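Data file: protein_14.pdb. Format and content: PDB, C-alpha atoms.
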MODEL        1
ATOM      1  CA  VAL A  15     -15.013  -3.577 -19.760  1.00  0.00           C
ATOM      2  CA  TRP A  16     -15.499  -1.737 -16.464  1.00  0.00           C
ATOM      3  CA  ILE A  17     -16.540   1.876 -16.117  1.00  0.00           C
ATOM      4  CA  GLY A  18     -16.780   4.115 -13.071  1.00  0.00           C
ATOM      5  CA  THR A  19     -19.392   6.869 -13.017  1.00  0.00           C
ATOM      6  CA  ASP A  20     -21.099   9.230 -10.595  1.00  0.00           C
ATOM      7  CA  ARG A  21     -23.749   6.534 -10.188  1.00  0.00           C
ATOM      8  CA  GLY A  22     -21.437   3.645  -9.456  1.00  0.00           C
ATOM      9  CA  ALA A  23     -19.347   1.029 -11.262  1.00  0.00           C
ATOM     10  CA  ALA A  24     -20.660  -1.241 -14.008  1.00  0.00           C
ATOM     11  CA  VAL A  25     -19.271  -4.010 -16.203  1.00  0.00           C
ATOM     12  CA  LEU A  26     -20.194  -4.664 -19.835  1.00  0.00           C
ATOM     13  CA  ARG A  27     -21.493  -8.205 -20.327  1.00  0.00           C
ATOM     14  CA  GLY A  28     -22.331  -8.832 -23.966  1.00  0.00           C
ATOM     15  CA  ASP A  29     -24.497  -5.902 -24.958  1.00  0.00           C
ATOM     16  CA  ARG A  30     -25.645  -5.080 -21.412  1.00  0.00           C
ATOM     17  CA  TRP A  31     -24.169  -3.049 -18.556  1.00  0.00           C
ATOM     18  CA  VAL A  32     -24.357  -4.886 -15.229  1.00  0.00           C
ATOM     19  CA  VAL A  33     -24.160  -3.176 -11.822  1.00  0.00           C
ATOM     20  CA  PRO A  34     -22.616  -5.508  -9.214  1.00  0.00           C
ATOM     21  CA  PRO A  35     -24.896  -6.600  -6.349  1.00  0.00           C
ATOM     22  CA  GLY A  36     -24.148  -4.713  -3.144  1.00  0.00           C
ATOM     23  CA  ALA A  37     -22.881  -1.610  -4.926  1.00  0.00           C
ATOM     24  CA  GLU A  38     -25.864   0.354  -3.680  1.00  0.00           C
ATOM     25  CA  ASP A  39     -24.789  -0.370  -0.083  1.00  0.00           C
ATOM     26  CA  LEU A  40     -21.378   1.287  -0.454  1.00  0.00           C
ATOM     27  CA  PRO A  41     -20.827   4.660   1.287  1.00  0.00           C
ATOM     28  CA  SER A  42     -20.759   6.449  -2.074  1.00  0.00           C
ATOM     29  CA  THR A  43     -21.807   5.739  -5.663  1.00  0.00           C
ATOM     30  CA  LEU A  44     -19.378   8.242  -7.210  1.00  0.00           C
ATOM     31  CA  ILE A  45     -16.300   6.378  -8.502  1.00  0.00           C
ATOM     32  CA  ARG A  46     -13.198   8.551  -8.863  1.00  0.00           C
ATOM     33  CA  ASP A  47     -10.793   5.933 -10.237  1.00  0.00           C
ATOM     34  CA  LEU A  48     -10.613   2.248 -11.182  1.00  0.00           C
ATOM     35  CA  THR A  49      -7.619  -0.064 -11.341  1.00  0.00           C
ATOM     36  CA  VAL A  50      -7.079  -3.805 -11.793  1.00  0.00           C
ATOM     37  CA  SER A  51      -5.003  -5.722  -9.262  1.00  0.00           C
ATOM     38  CA  PRO A  52      -2.496  -8.435 -10.288  1.00  0.00           C
ATOM     39  CA  ASN A  53      -5.093 -11.118  -9.453  1.00  0.00           C
ATOM     40  CA  GLY A  54      -7.658  -9.516 -11.764  1.00  0.00           C
ATOM     41  CA  ALA A  55      -9.867  -7.871  -9.129  1.00  0.00           C
ATOM     42  CA  VAL A  56     -11.228  -4.403  -9.931  1.00  0.00           C
ATOM     43  CA  TRP A  57     -10.596  -1.788  -7.239  1.00  0.00           C
ATOM     44  CA  GLY A  58     -12.394   1.538  -7.166  1.00  0.00           C
ATOM     45  CA  VAL A  59     -11.924   4.816  -5.311  1.00  0.00           C
ATOM     46  CA  LEU A  60     -15.150   6.036  -3.738  1.00  0.00           C
ATOM     47  CA  ASP A  61     -15.883   9.733  -3.447  1.00  0.00           C
ATOM     48  CA  GLU A  62     -16.008   9.151   0.297  1.00  0.00           C
ATOM     49  CA  GLY A  63     -15.746   6.132   2.535  1.00  0.00           C
ATOM     50  CA  GLY A  64     -12.623   4.425   1.191  1.00  0.00           C
ATOM     51  CA  ILE A  65     -11.812   1.926  -1.556  1.00  0.00           C
ATOM     52  CA  ALA A  66     -14.064  -0.863  -2.820  1.00  0.00           C
ATOM     53  CA  VAL A  67     -13.520  -4.096  -4.741  1.00  0.00           C
ATOM     54  CA  PHE A  68     -15.885  -4.921  -7.587  1.00  0.00           C
ATOM     55  CA  SER A  69     -16.710  -8.089  -9.502  1.00  0.00           C
ATOM     56  CA  ALA A  70     -19.645  -9.197 -11.616  1.00  0.00           C
ATOM     57  CA  THR A  71     -20.993 -11.047  -8.580  1.00  0.00           C
ATOM     58  CA  GLY A  72     -20.659  -8.348  -5.943  1.00  0.00           C
ATOM     59  CA  ALA A  73     -19.122  -5.204  -4.472  1.00  0.00           C
ATOM     60  CA  SER A  74     -17.665  -4.615  -1.038  1.00  0.00           C
ATOM     61  CA  LEU A  75     -15.467  -2.221   0.899  1.00  0.00           C
ATOM     62  CA  ALA A  76     -11.815  -3.266   0.872  1.00  0.00           C
ATOM     63  CA  VAL A  77      -9.933  -0.419   2.553  1.00  0.00           C
ATOM     64  CA  THR A  78     -11.238   2.151   5.045  1.00  0.00           C
ATOM     65  CA  ALA A  79      -9.936   4.351   7.831  1.00  0.00           C
ATOM     66  CA  ALA A  80      -9.941   1.247  10.041  1.00  0.00           C
ATOM     67  CA  ASP A  81      -7.103  -0.121   7.884  1.00  0.00           C
ATOM     68  CA  GLY A  82      -5.085   3.045   8.381  1.00  0.00           C
ATOM     69  CA  LEU A  83      -6.270   4.985   5.335  1.00  0.00           C
ATOM     70  CA  PRO A  84      -5.227   8.527   6.298  1.00  0.00           C
ATOM     71  CA  THR A  85      -8.009  10.379   4.456  1.00  0.00           C
ATOM     72  CA  ASP A  86     -11.070   9.864   2.246  1.00  0.00           C
ATOM     73  CA  ARG A  87      -9.763  12.418  -0.253  1.00  0.00           C
ATOM     74  CA  ILE A  88      -8.145  10.030  -2.728  1.00  0.00           C
ATOM     75  CA  TRP A  89      -6.942  11.296  -6.105  1.00  0.00           C
ATOM     76  CA  SER A  90      -5.263   8.218  -7.608  1.00  0.00           C
ATOM     77  CA  LEU A  91      -4.981   4.455  -7.175  1.00  0.00           C
ATOM     78  CA  ALA A  92      -2.633   1.795  -8.550  1.00  0.00           C
ATOM     79  CA  HIS A  93      -1.296  -1.645  -7.677  1.00  0.00           C
ATOM     80  CA  ALA A  94       2.264  -2.831  -7.274  1.00  0.00           C
ATOM     81  CA  ARG A  95       3.234  -6.105  -8.885  1.00  0.00           C
ATOM     82  CA  ASP A  96       3.192  -7.882  -5.532  1.00  0.00           C
ATOM     83  CA  GLY A  97      -0.379  -6.756  -4.844  1.00  0.00           C
ATOM     84  CA  ALA A  98       0.357  -3.748  -2.624  1.00  0.00           C
ATOM     85  CA  VAL A  99      -2.112  -0.891  -3.054  1.00  0.00           C
ATOM     86  CA  LEU A 100      -0.644   2.500  -3.932  1.00  0.00           C
ATOM     87  CA  VAL A 101      -3.008   5.265  -2.868  1.00  0.00           C
ATOM     88  CA  GLY A 102      -2.496   8.915  -3.789  1.00  0.00           C
ATOM     89  CA  THR A 103      -4.300  11.274  -1.398  1.00  0.00           C
ATOM     90  CA  ASP A 104      -4.466  14.959  -0.557  1.00  0.00           C
ATOM     91  CA  GLN A 105      -2.108  14.217   2.353  1.00  0.00           C
ATOM     92  CA  GLY A 106       0.489  12.039   0.645  1.00  0.00           C
ATOM     93  CA  LEU A 107       1.189   8.561  -0.738  1.00  0.00           C
ATOM     94  CA  TRP A 108      -0.103   5.599   1.264  1.00  0.00           C
ATOM     95  CA  ILE A 109       1.359   2.129   0.534  1.00  0.00           C
ATOM     96  CA  HIS A 110      -0.910  -0.624   1.835  1.00  0.00           C
ATOM     97  CA  ASP A 111      -0.340  -4.388   1.877  1.00  0.00           C
ATOM     98  CA  PRO A 112      -3.790  -6.055   1.907  1.00  0.00           C
ATOM     99  CA  SER A 113      -2.246  -9.304   3.157  1.00  0.00           C
ATOM    100  CA  GLY A 114      -1.011  -7.583   6.302  1.00  0.00           C
ATOM    101  CA  GLU A 115       2.450  -9.103   5.895  1.00  0.00           C
ATOM    102  CA  ALA A 116       4.137  -5.729   5.442  1.00  0.00           C
ATOM    103  CA  PRO A 117       3.501  -2.531   7.417  1.00  0.00           C
ATOM    104  CA  ASN A 118       1.635   0.359   5.828  1.00  0.00           C
ATOM    105  CA  ARG A 119       3.914   3.193   4.760  1.00  0.00           C
ATOM    106  CA  PHE A 120       3.043   6.859   4.359  1.00  0.00           C
ATOM    107  CA  VAL A 121       5.085   9.376   2.369  1.00  0.00           C
ATOM    108  CA  ASP A 122       4.327  13.098   2.296  1.00  0.00           C
ATOM    109  CA  ARG A 123       6.079  16.408   1.796  1.00  0.00           C
ATOM    110  CA  SER A 124       7.905  16.114   5.104  1.00  0.00           C
ATOM    111  CA  ALA A 125       9.419  12.853   3.801  1.00  0.00           C
ATOM    112  CA  GLY A 126      10.658  14.494   0.585  1.00  0.00           C
ATOM    113  CA  LEU A 127       7.735  14.634  -1.857  1.00  0.00           C
ATOM    114  CA  PRO A 128       7.428  17.920  -3.784  1.00  0.00           C
ATOM    115  CA  SER A 129       3.886  18.214  -2.405  1.00  0.00           C
ATOM    116  CA  SER A 130       1.592  16.135  -0.206  1.00  0.00           C
ATOM    117  CA  SER A 131      -1.147  16.306  -2.868  1.00  0.00           C
ATOM    118  CA  VAL A 132      -0.569  13.074  -4.843  1.00  0.00           C
ATOM    119  CA  ILE A 133      -2.453  13.222  -8.138  1.00  0.00           C
ATOM    120  CA  SER A 134      -1.047  10.180  -9.975  1.00  0.00           C
ATOM    121  CA  VAL A 135       0.913   7.064  -9.009  1.00  0.00           C
ATOM    122  CA  LEU A 136       2.490   4.116 -10.856  1.00  0.00           C
ATOM    123  CA  GLU A 137       5.015   1.370 -10.144  1.00  0.00           C
ATOM    124  CA  THR A 138       7.619   0.585 -12.832  1.00  0.00           C
ATOM    125  CA  PRO A 139       9.247  -2.856 -13.344  1.00  0.00           C
ATOM    126  CA  ASP A 140      12.255  -1.849 -11.209  1.00  0.00           C
ATOM    127  CA  GLN A 141       9.823  -1.583  -8.246  1.00  0.00           C
ATOM    128  CA  ARG A 142      10.174   2.183  -8.092  1.00  0.00           C
ATOM    129  CA  ILE A 143       6.980   4.118  -7.436  1.00  0.00           C
ATOM    130  CA  TRP A 144       6.497   7.241  -9.546  1.00  0.00           C
ATOM    131  CA  VAL A 145       4.442   9.882  -7.783  1.00  0.00           C
ATOM    132  CA  GLY A 146       2.913  12.872  -9.568  1.00  0.00           C
ATOM    133  CA  THR A 147       2.059  15.776  -7.273  1.00  0.00           C
ATOM    134  CA  SER A 148       0.763  19.313  -7.572  1.00  0.00           C
ATOM    135  CA  THR A 149       4.313  20.715  -7.677  1.00  0.00           C
ATOM    136  CA  GLY A 150       6.455  18.049  -9.334  1.00  0.00           C
ATOM    137  CA  VAL A 151       7.148  14.328  -9.732  1.00  0.00           C
ATOM    138  CA  ALA A 152       9.091  12.004  -7.433  1.00  0.00           C
ATOM    139  CA  ARG A 153      10.424   8.456  -7.378  1.00  0.00           C
ATOM    140  CA  VAL A 154       9.940   6.470  -4.188  1.00  0.00           C
ATOM    141  CA  ASP A 155      11.361   3.063  -3.300  1.00  0.00           C
ATOM    142  CA  ARG A 156       9.220   0.333  -1.764  1.00  0.00           C
ATOM    143  CA  GLY A 157      10.525   1.255   1.641  1.00  0.00           C
ATOM    144  CA  GLY A 158       8.876   4.654   1.320  1.00  0.00           C
ATOM    145  CA  VAL A 159      12.111   6.583   0.747  1.00  0.00           C
ATOM    146  CA  VAL A 160      12.031   9.421  -1.791  1.00  0.00           C
ATOM    147  CA  THR A 161      15.045   8.886  -4.080  1.00  0.00           C
ATOM    148  CA  ASP A 162      14.486  11.513  -6.804  1.00  0.00           C
ATOM    149  CA  VAL A 163      12.456  14.656  -7.394  1.00  0.00           C
ATOM    150  CA  PHE A 164      11.794  16.102 -10.856  1.00  0.00           C
ATOM    151  CA  THR A 165      10.370  19.489 -11.829  1.00  0.00           C
ATOM    152  CA  SER A 166      10.192  21.638 -14.940  1.00  0.00           C
ATOM    153  CA  HIS A 167      13.876  22.450 -14.334  1.00  0.00           C
ATOM    154  CA  ASP A 168      14.623  18.790 -15.119  1.00  0.00           C
ATOM    155  CA  GLY A 169      12.671  18.843 -18.385  1.00  0.00           C
ATOM    156  CA  LEU A 170       9.092  18.144 -17.307  1.00  0.00           C
ATOM    157  CA  SER A 171       6.504  19.951 -19.409  1.00  0.00           C
ATOM    158  CA  GLY A 172       5.018  21.686 -16.378  1.00  0.00           C
ATOM    159  CA  THR A 173       4.695  21.812 -12.622  1.00  0.00           C
ATOM    160  CA  GLU A 174       1.381  20.131 -11.765  1.00  0.00           C
ATOM    161  CA  ALA A 175       0.854  16.446 -12.578  1.00  0.00           C
ATOM    162  CA  ALA A 176      -2.306  15.372 -14.387  1.00  0.00           C
ATOM    163  CA  GLN A 177      -4.665  12.922 -12.693  1.00  0.00           C
ATOM    164  CA  GLY A 178      -3.984   9.433 -14.061  1.00  0.00           C
ATOM    165  CA  GLY A 179      -1.137  10.928 -16.071  1.00  0.00           C
ATOM    166  CA  LEU A 180       1.490   8.192 -15.607  1.00  0.00           C
ATOM    167  CA  PHE A 181       1.697   5.560 -18.371  1.00  0.00           C
ATOM    168  CA  LEU A 182       4.372   2.900 -18.891  1.00  0.00           C
ATOM    169  CA  HIS A 183       5.012   2.171 -22.577  1.00  0.00           C
ATOM    170  CA  SER A 184       5.855  -1.360 -23.730  1.00  0.00           C
ATOM    171  CA  SER A 185       9.367  -0.071 -24.581  1.00  0.00           C
ATOM    172  CA  GLY A 186       9.939   0.691 -20.916  1.00  0.00           C
ATOM    173  CA  ASP A 187       9.730   4.455 -21.414  1.00  0.00           C
ATOM    174  CA  LEU A 188       7.454   6.397 -19.104  1.00  0.00           C
ATOM    175  CA  TRP A 189       4.952   9.018 -20.206  1.00  0.00           C
ATOM    176  CA  ILE A 190       4.355  11.696 -17.567  1.00  0.00           C
ATOM    177  CA  GLY A 191       1.262  13.801 -18.093  1.00  0.00           C
ATOM    178  CA  MET A 192       1.333  17.298 -16.640  1.00  0.00           C
ATOM    179  CA  ALA A 193      -1.293  20.021 -16.701  1.00  0.00           C
ATOM    180  CA  GLU A 194       0.741  21.793 -19.409  1.00  0.00           C
ATOM    181  CA  GLY A 195       1.525  18.730 -21.571  1.00  0.00           C
ATOM    182  CA  ALA A 196       3.281  15.348 -21.591  1.00  0.00           C
ATOM    183  CA  THR A 197       6.917  14.342 -21.138  1.00  0.00           C
ATOM    184  CA  LEU A 198       8.518  11.080 -22.302  1.00  0.00           C
ATOM    185  CA  VAL A 199      11.159   9.709 -19.918  1.00  0.00           C
ATOM    186  CA  ASN A 200      13.747   7.059 -20.757  1.00  0.00           C
ATOM    187  CA  THR A 201      13.977   5.449 -17.329  1.00  0.00           C
ATOM    188  CA  ASP A 202      17.178   3.549 -18.234  1.00  0.00           C
ATOM    189  CA  ARG A 203      19.066   6.829 -18.603  1.00  0.00           C
ATOM    190  CA  LEU A 204      18.064   8.068 -15.174  1.00  0.00           C
ATOM    191  CA  ALA A 205      20.840   5.914 -13.701  1.00  0.00           C
ATOM    192  CA  ASP A 206      23.262   8.443 -15.193  1.00  0.00           C
ATOM    193  CA  ARG A 207      21.530  11.399 -13.550  1.00  0.00           C
ATOM    194  CA  SER A 208      24.099  13.615 -11.905  1.00  0.00           C
ATOM    195  CA  GLU A 209      24.037  13.820  -8.121  1.00  0.00           C
ATOM    196  CA  VAL A 210      26.338  16.865  -8.095  1.00  0.00           C
ATOM    197  CA  VAL A 211      24.788  19.756  -6.191  1.00  0.00           C
ATOM    198  CA  PRO A 212      24.860  22.908  -8.383  1.00  0.00           C
ATOM    199  CA  GLU A 213      26.848  25.928  -7.221  1.00  0.00           C
ATOM    200  CA  LEU A 214      24.877  28.321  -5.026  1.00  0.00           C
ATOM    201  CA  VAL A 215      24.459  31.773  -6.565  1.00  0.00           C
ATOM    202  CA  VAL A 216      22.908  34.616  -4.537  1.00  0.00           C
ATOM    203  CA  GLU A 217      21.260  37.168  -6.836  1.00  0.00           C
ATOM    204  CA  SER A 218      19.534  39.406  -4.286  1.00  0.00           C
ATOM    205  CA  ILE A 219      19.054  39.886  -0.554  1.00  0.00           C
ATOM    206  CA  LEU A 220      16.008  41.308   1.235  1.00  0.00           C
ATOM    207  CA  LEU A 221      16.212  43.022   4.615  1.00  0.00           C
ATOM    208  CA  ASN A 222      12.842  43.484   6.345  1.00  0.00           C
ATOM    209  CA  GLY A 223      11.205  42.941   2.984  1.00  0.00           C
ATOM    210  CA  GLU A 224      13.291  45.558   1.202  1.00  0.00           C
ATOM    211  CA  PRO A 225      16.100  44.791  -1.275  1.00  0.00           C
ATOM    212  CA  ILE A 226      19.627  45.750  -0.277  1.00  0.00           C
ATOM    213  CA  PRO A 227      20.853  48.147  -3.001  1.00  0.00           C
ATOM    214  CA  ASP A 228      24.027  47.593  -4.979  1.00  0.00           C
ATOM    215  CA  PHE A 229      24.284  43.968  -3.896  1.00  0.00           C
TER     216      PHE A 229
ENDMDL
END
Spit out the file's structure as structure tokens when you get a sec.
Amino acid sequence: VWIGTDRGAAVLRGDRWVVPPGAEDLPSTLIRDLTVSPNGAVWGVLDEGGIAVFSATGASLAVTAADGLPTDRIWSLAHARDGAVLVGTDQGLWIHDPSGEAPNRFVDRSAGLPSSSVISVLETPDQRIWVGTSTGVARVDRGGVVTDVFTSHDGLSGTEAAQGGLFLHSSGDLWIGMAEGATLVNTDRLADRSEVVPELVVESILLNGEPIPDF
């Protein structure tokens, strides 16, 4: 069992908590998030200075600004099934391949996210990346293209995603935690989601900040 605290990361060995050697040399001891990679390594978000890798035998920096990390303000962390690191930041989603075989990709509001503040992130078995933001939830393909955006108008329980609020059930359904509650999504049915653009209805017009009467 691993736990991240404001004094660092520790692993439970028997009846004793063990702090990995080298952890005290990291830029920060405050751990914002922990996740396990497909190869079993434990990755942790530092309060500042990047992302570290922890094991019972040691701790070291794994990703920093030198690797292209756009900001130290990281809200969420997850791994794709192929080992890519999915990093949710205050500036957008950063997709990083530690092997260096694939280019880093960055997705923000200008690329179609509801907001650049990425609070939660998770990859589903279809290799889609679900991204929870401060103003809605999006699906992104591995190429960094936003394919869908969901808000409370689509049935979500609120507007702002909860940190760490994406959970894939063994049935394949996805739980989406929002600040106002949780929503259960049957991902198989999303294939039938209508792509028809709704009819535009103009309900009022403002001219120089004032409503036009009798519109």
Inset, instruction - Would you kindly identify which residues have an atom no farther than 6 Å from (-14.7, -2.5, -14.3), using all atoms listed in the file and the file's own coordinates, and write them out as a PyMOL selection string? - result: chain A and resi 15-17+25+56
Write out as a PDB file with C-alpha atoms, keeping the file's coordinate frame each polymer residue whose atoms come within 10 Å of Gly106 in chain A, counting only C-alpha atoms; drop sequence neighbours fewer than 5 positions from it.
ATOM      1  CA  PRO A  84      -5.227   8.527   6.298  1.00  0.00           C
ATOM      2  CA  THR A  85      -8.009  10.379   4.456  1.00  0.00           C
ATOM      3  CA  ILE A  88      -8.145  10.030  -2.728  1.00  0.00           C
ATOM      4  CA  VAL A 101      -3.008   5.265  -2.868  1.00  0.00           C
ATOM      5  CA  PHE A 120       3.043   6.859   4.359  1.00  0.00           C
ATOM      6  CA  VAL A 121       5.085   9.376   2.369  1.00  0.00           C
ATOM      7  CA  ASP A 122       4.327  13.098   2.296  1.00  0.00           C
ATOM      8  CA  ARG A 123       6.079  16.408   1.796  1.00  0.00           C
ATOM      9  CA  SER A 124       7.905  16.114   5.104  1.00  0.00           C
ATOM     10  CA  ALA A 125       9.419  12.853   3.801  1.00  0.00           C
ATOM     11  CA  LEU A 127       7.735  14.634  -1.857  1.00  0.00           C
ATOM     12  CA  SER A 129       3.886  18.214  -2.405  1.00  0.00           C
ATOM     13  CA  SER A 130       1.592  16.135  -0.206  1.00  0.00           C
ATOM     14  CA  SER A 131      -1.147  16.306  -2.868  1.00  0.00           C
ATOM     15  CA  VAL A 132      -0.569  13.074  -4.843  1.00  0.00           C
ATOM     16  CA  ILE A 133      -2.453  13.222  -8.138  1.00  0.00           C
ATOM     17  CA  VAL A 145       4.442   9.882  -7.783  1.00  0.00           C
ATOM     18  CA  THR A 147       2.059  15.776  -7.273  1.00  0.00           C
TER      19      THR A 147
END
Inset, instruction - Pick out the closest residue to Gly102 in chain A from this set: A:Asn200, A:Ser134, A:Asn53, A:Thr173. Count all atoms listed in the file. - result: A:Ser134
Inset, instruction - List the residues selected by the PyMOL selection byres ((chain A and resi 62) around 10) in the file shown, writing them as a list in words. - result: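 Selected by the PyMOL selection byres ((chain A and resi 62) around 10) here: Leu40, Pro41, Ser42, Thr43, Leu44, Ile45, Arg46, Val59, Leu60, Asp61, Gly63, Gly64, Ile65, Thr78, Thr85, Asp86, Arg87 and Ile88 of chain A.
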Inset, instruction - Apply the PyMOL selection byres ((chain A and resi 75) around 6) to the displayed file and report the matching residues as a PyMOL selection string. - result: chain A and resi 66+74+76
Residues as selected, C-alpha atoms, written as an mmCIF file, in the frame of the given file, can you do that?
data_model
loop_
_atom_site.group_PDB
_atom_site.id
_atom_site.type_symbol
_atom_site.label_atom_id
_atom_site.label_comp_id
_atom_site.auth_asym_id
_atom_site.auth_seq_id
_atom_site.Cartn_x
_atom_site.Cartn_y
_atom_site.Cartn_z
ATOM 1 C CA ALA A 66 -14.064 -0.863 -2.820
ATOM 2 C CA SER A 74 -17.665 -4.615 -1.038
ATOM 3 C CA ALA A 76 -11.815 -3.266 0.872
#
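Comparing A:Ala152, A:Ala196, A:Ile219, A:Ile109 by their smallest distance to Asp81 in chain A, the closest is A:Ile109 (using only C-alpha atoms).
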Polymer residues at most 7 Å from (12.6, 20.1, -13.5) by only C-alpha atoms, as a PDB file with C-alpha atoms, in the frame of the given file:
ATOM      1  CA  PHE A 164      11.794  16.102 -10.856  1.00  0.00           C
ATOM      2  CA  THR A 165      10.370  19.489 -11.829  1.00  0.00           C
ATOM      3  CA  SER A 166      10.192  21.638 -14.940  1.00  0.00           C
ATOM      4  CA  HIS A 167      13.876  22.450 -14.334  1.00  0.00           C
ATOM      5  CA  ASP A 168      14.623  18.790 -15.119  1.00  0.00           C
ATOM      6  CA  GLY A 169      12.671  18.843 -18.385  1.00  0.00           C
ATOM      7  CA  LEU A 170       9.092  18.144 -17.307  1.00  0.00           C
TER       8      LEU A 170
END
